[in-house]
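Shown here: my_file-v3.csv, CSV, C-alpha atoms.
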```csv
chain,number,residue,atom,x,y,z
C,4,MET,CA,78.5,94.7,116.7
C,5,ASN,CA,80.0,92.1,118.9
C,6,ASP,CA,82.4,93.0,121.6
C,7,LYS,CA,85.9,92.1,120.8
C,8,VAL,CA,87.7,89.6,123.0
C,9,LYS,CA,91.2,89.9,124.2
C,10,PHE,CA,93.7,87.2,123.4
C,11,GLU,CA,97.4,86.7,124.1
C,12,MET,CA,100.2,84.7,122.5
C,13,GLU,CA,103.8,84.2,123.3
C,14,PHE,CA,106.6,83.4,120.9
C,15,VAL,CA,110.2,82.6,121.8
C,16,ILE,CA,112.5,84.7,119.6
C,17,HIS,CA,116.2,84.0,119.3
C,18,ALA,CA,117.4,87.7,119.1
C,19,SER,CA,118.5,90.4,121.5
C,20,PRO,CA,115.8,92.7,123.0
C,21,GLN,CA,117.6,95.6,121.3
C,22,LEU,CA,117.4,94.1,117.8
C,23,LEU,CA,113.9,92.8,118.3
C,24,TYR,CA,112.7,96.3,119.5
C,25,GLN,CA,113.9,97.8,116.2
C,26,TYR,CA,111.7,95.3,114.3
C,27,ILE,CA,108.5,96.0,116.4
C,28,SER,CA,108.8,99.8,116.8
C,29,THR,CA,110.1,101.4,113.6
C,30,PRO,CA,108.4,101.7,110.2
C,31,SER,CA,111.5,100.1,108.4
C,32,GLY,CA,111.5,97.2,110.9
C,33,LEU,CA,107.7,96.6,110.8
C,34,SER,CA,107.8,96.6,106.9
C,35,GLU,CA,110.2,93.7,107.0
C,36,TRP,CA,107.6,91.4,108.5
C,37,TYR,CA,104.3,92.9,109.6
C,38,ALA,CA,103.1,94.7,106.5
C,39,ASP,CA,104.3,95.2,102.9
C,40,ASN,CA,105.2,98.8,103.8
C,41,VAL,CA,104.9,101.0,106.8
C,42,ASN,CA,105.1,104.8,107.0
C,43,SER,CA,104.9,107.1,110.1
C,44,ARG,CA,104.2,110.7,110.8
C,45,GLY,CA,104.6,111.4,114.4
C,46,GLU,CA,102.8,108.8,116.4
C,47,THR,CA,100.6,107.7,113.5
C,48,PHE,CA,101.7,104.7,111.5
C,49,THR,CA,100.3,103.7,108.1
C,50,PHE,CA,100.4,100.0,107.4
C,51,ILE,CA,100.1,99.0,103.8
C,52,TRP,CA,99.2,95.5,102.5
C,53,ASN,CA,98.7,95.0,98.8
C,54,ASP,CA,96.0,97.6,97.9
C,55,SER,CA,94.7,98.2,101.5
C,56,GLU,CA,96.0,100.7,104.0
C,57,GLU,CA,95.2,101.0,107.7
C,58,ARG,CA,96.4,103.6,110.2
C,59,ALA,CA,97.3,103.0,113.8
C,60,LYS,CA,98.4,105.3,116.6
C,61,MET,CA,101.3,104.4,118.8
C,62,LEU,CA,99.8,104.8,122.2
C,63,LYS,CA,102.8,103.9,124.3
C,64,ARG,CA,106.3,102.5,123.9
C,65,LYS,CA,109.3,101.8,126.1
C,66,SER,CA,112.7,101.2,124.5
C,67,GLU,CA,113.6,97.5,124.3
C,68,GLU,CA,110.4,96.5,126.2
C,69,PHE,CA,107.1,97.1,124.3
C,70,VAL,CA,105.0,99.0,121.8
C,71,LYS,CA,101.3,99.5,122.0
C,72,PHE,CA,99.1,100.6,119.0
C,73,ALA,CA,95.4,101.2,118.4
C,74,TRP,CA,93.8,101.1,115.0
C,75,THR,CA,92.4,104.6,114.2
C,76,GLU,CA,89.2,103.1,112.7
C,77,ASN,CA,88.3,101.2,115.9
C,78,GLU,CA,85.8,103.0,118.1
C,79,ASP,CA,86.3,100.8,121.1
C,80,ASN,CA,89.2,100.5,123.5
C,81,SER,CA,90.9,97.7,121.7
C,82,PHE,CA,94.7,97.8,120.9
C,83,PHE,CA,97.5,95.5,120.0
C,84,GLU,CA,100.7,95.3,122.0
C,85,MET,CA,104.0,93.6,121.3
C,86,ARG,CA,106.0,93.2,124.6
C,87,ILE,CA,109.5,91.8,124.8
C,88,ILE,CA,110.0,89.5,127.8
C,89,VAL,CA,113.5,88.3,128.9
C,90,ASP,CA,113.5,85.3,131.3
C,91,GLU,CA,115.6,86.3,134.3
C,92,ILE,CA,117.2,82.9,134.7
C,93,THR,CA,117.6,81.5,131.1
C,94,LYS,CA,117.8,84.9,129.4
C,95,ASP,CA,115.4,83.5,126.7
C,96,VAL,CA,113.7,86.3,124.8
C,97,SER,CA,110.0,86.1,124.0
C,98,LEU,CA,107.6,88.3,122.2
C,99,PHE,CA,104.3,88.5,124.0
C,100,ILE,CA,101.4,89.6,121.8
C,101,THR,CA,98.1,91.1,123.1
C,102,ASP,CA,95.4,91.7,120.6
C,103,PHE,CA,91.6,91.9,120.2
C,104,ALA,CA,89.3,90.3,117.7
C,105,GLU,CA,85.6,89.5,117.2
C,106,GLU,CA,84.8,86.3,119.0
C,107,ASP,CA,84.3,84.3,115.8
C,108,GLU,CA,87.6,85.7,114.4
C,109,VAL,CA,90.0,84.9,117.2
C,110,ASP,CA,91.4,81.7,115.6
C,111,GLU,CA,91.9,83.5,112.3
C,112,ALA,CA,93.7,86.4,114.1
C,113,LYS,CA,95.9,84.0,116.0
C,114,MET,CA,96.8,82.2,112.8
C,115,LEU,CA,97.7,85.6,111.2
C,116,TRP,CA,100.0,86.4,114.1
C,117,GLU,CA,101.6,83.0,113.9
C,118,ASN,CA,102.3,83.6,110.2
C,119,GLN,CA,103.6,87.1,110.8
C,120,ILE,CA,105.9,86.0,113.7
C,121,SER,CA,107.2,83.2,111.4
C,122,ASP,CA,108.1,85.9,108.9
C,123,LEU,CA,109.8,88.0,111.7
C,124,LYS,CA,111.8,84.9,112.8
C,125,GLN,CA,112.9,84.4,109.3
C,126,VAL,CA,114.1,88.0,108.9
C,127,LEU,CA,115.9,87.8,112.3
C,128,GLY,CA,117.5,84.4,111.4
C,129,SER,CA,115.7,83.0,114.5
C,130,LYS,CA,114.3,79.4,114.6
```
Output the file's structure in the form of structure tokens.
Amino acid sequence: MNDKVKFEMEFVIHASPQLLYQYISTPSGLSEWYADNVNSRGETFTFIWNDSEERAKMLKRKSEEFVKFAWTENEDNSFFEMRIIVDEITKDVSLFITDFAEEDEVDEAKMLWENQISDLKQVLGSK
């Protein structure tokens, strides 16, 4: 199995950090844009898409700043993180994504994030 490579992406989101955090940290928020449905029990989140289901453990979180998950099926140290960044001068809000993918799947993973963030922006009424 190939080692996964880390990649990062940044998206400007026209929403408050408080509102954005609700959409990246709660099952109800995540089910609005990330998956068809999301359930949680403690720190374990179950993400449901059509007929498939994957579990992830929330490794860390800090209110209005970031959430970090690891897929339970992964046997490596890979994770995905969504971090809210507020520019000190302009006050623009960005969502900074850190994720891992197989080297030959990075472009596909980035495209998936772009589509999901597009859905998030639509839900938030952000352009």
Query raised in the report: Just how far from atom CA of His17 of chain C is atom CA of Ala73 of chain C, in Å to one decimal?
Result: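 Computing the Euclidean distance for atom CA of Ala73 of chain C and atom CA of His17 of chain C yields 27.0 Å.
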Requested in this report: Determine the nearest neighbour of Ile87 of chain C from the options C:Asp102, C:Glu46, C:Val70, C:Ile51, counting all atoms listed in the file.
Outcome: C:Val70
Requested in this report: Point out the residue among C:Trp74, C:Trp116, C:Tyr37, C:Tyr26 with the least atom-to-atom distance to Phe10 of chain C, counting all atoms listed in the file.
Outcome: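 Among the listed residues, the smallest separation from Phe10 of chain C belongs to C:Trp116.
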Query raised in the report: Taking into account only C-alpha atoms, which residue in the set C:Val96, C:Leu123, C:Val109, C:Ala104 is nearest to Glu13 of chain C?
Result: C:Val96
Query - atom CA of Asn53 of chain C to atom CA of Ser97 of chain C, distance in Å rounded to a single decimal - result: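 These two atoms are separated by 29.0 Å.
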Query raised in the report: For Thr101 of chain C, which of C:Lys60, C:Glu11, C:Thr75, C:Val126 is the closest residue, counting only C-alpha atoms?
Result: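 Among the listed residues, the smallest separation from Thr101 of chain C belongs to C:Glu11.
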Query raised in the report: In Å, with one decimal, what is the gap from atom CA of Lys124 of chain C to atom CA of Trp36 of chain C?
Result: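 It comes out at 8.9 Å.
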Query raised in the report: Which neighbours of Phe48 of chain C fall inside 6 Å, counting all atoms listed in the file, when residues of the same chain fewer than 4 positions from it are skipped, and could you give them as a VMD selection string?
Result: chain C and resid 42 to 43 58 to 59
**Report entry** Option closest in space to Ser121 of chain C, from C:Glu91, C:Phe103, C:Ser19, C:Leu98 [counting all atoms listed in the file]
**Finding:**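 Smallest distance to Ser121 of chain C is found for C:Leu98.
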Query raised in the report: Which of these residues is nearest to Lys7 of chain C, using only C-alpha atoms: C:Asp90, C:Glu68, C:Glu78, C:Glu105?
Result: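 Once distances to Lys7 of chain C are computed over only C-alpha atoms, the minimum belongs to C:Glu105.
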Report task. List every protein, DNA or RNA residue that has at least one atom no more than 12 Å from (105.2, 104.3, 124.2) in the file's coordinates, counting all atoms listed in the file, and write the result as an MDAnalysis selection string. Result -> chainID C and resid 24 27:28 46 60:73 84:86
Kindly export the residues of the current selection with C-alpha atoms, as an mmCIF file, keeping the file's coordinate frame.
```cif
data_model
loop_
_atom_site.group_PDB
_atom_site.id
_atom_site.type_symbol
_atom_site.label_atom_id
_atom_site.label_comp_id
_atom_site.auth_asym_id
_atom_site.auth_seq_id
_atom_site.Cartn_x
_atom_site.Cartn_y
_atom_site.Cartn_z
ATOM 1 C CA TYR C 24 112.700 96.300 119.500
ATOM 2 C CA ILE C 27 108.500 96.000 116.400
ATOM 3 C CA SER C 28 108.800 99.800 116.800
ATOM 4 C CA GLU C 46 102.800 108.800 116.400
ATOM 5 C CA LYS C 60 98.400 105.300 116.600
ATOM 6 C CA MET C 61 101.300 104.400 118.800
ATOM 7 C CA LEU C 62 99.800 104.800 122.200
ATOM 8 C CA LYS C 63 102.800 103.900 124.300
ATOM 9 C CA ARG C 64 106.300 102.500 123.900
ATOM 10 C CA LYS C 65 109.300 101.800 126.100
ATOM 11 C CA SER C 66 112.700 101.200 124.500
ATOM 12 C CA GLU C 67 113.600 97.500 124.300
ATOM 13 C CA GLU C 68 110.400 96.500 126.200
ATOM 14 C CA PHE C 69 107.100 97.100 124.300
ATOM 15 C CA VAL C 70 105.000 99.000 121.800
ATOM 16 C CA LYS C 71 101.300 99.500 122.000
ATOM 17 C CA PHE C 72 99.100 100.600 119.000
ATOM 18 C CA ALA C 73 95.400 101.200 118.400
ATOM 19 C CA GLU C 84 100.700 95.300 122.000
ATOM 20 C CA MET C 85 104.000 93.600 121.300
ATOM 21 C CA ARG C 86 106.000 93.200 124.600
#
```
Return the padded bounding box of segment 58-76 of chain C as AutoDock Vina command-line options: axis-aligned, built from all atoms listed in the file, 6 Å added on each side, with centre and edge lengths in Å to one decimal.
```
--center_x 101.4 --center_y 100.9 --center_z 118.2 --size_x 36.4 --size_y 20.8 --size_z 28.0
```
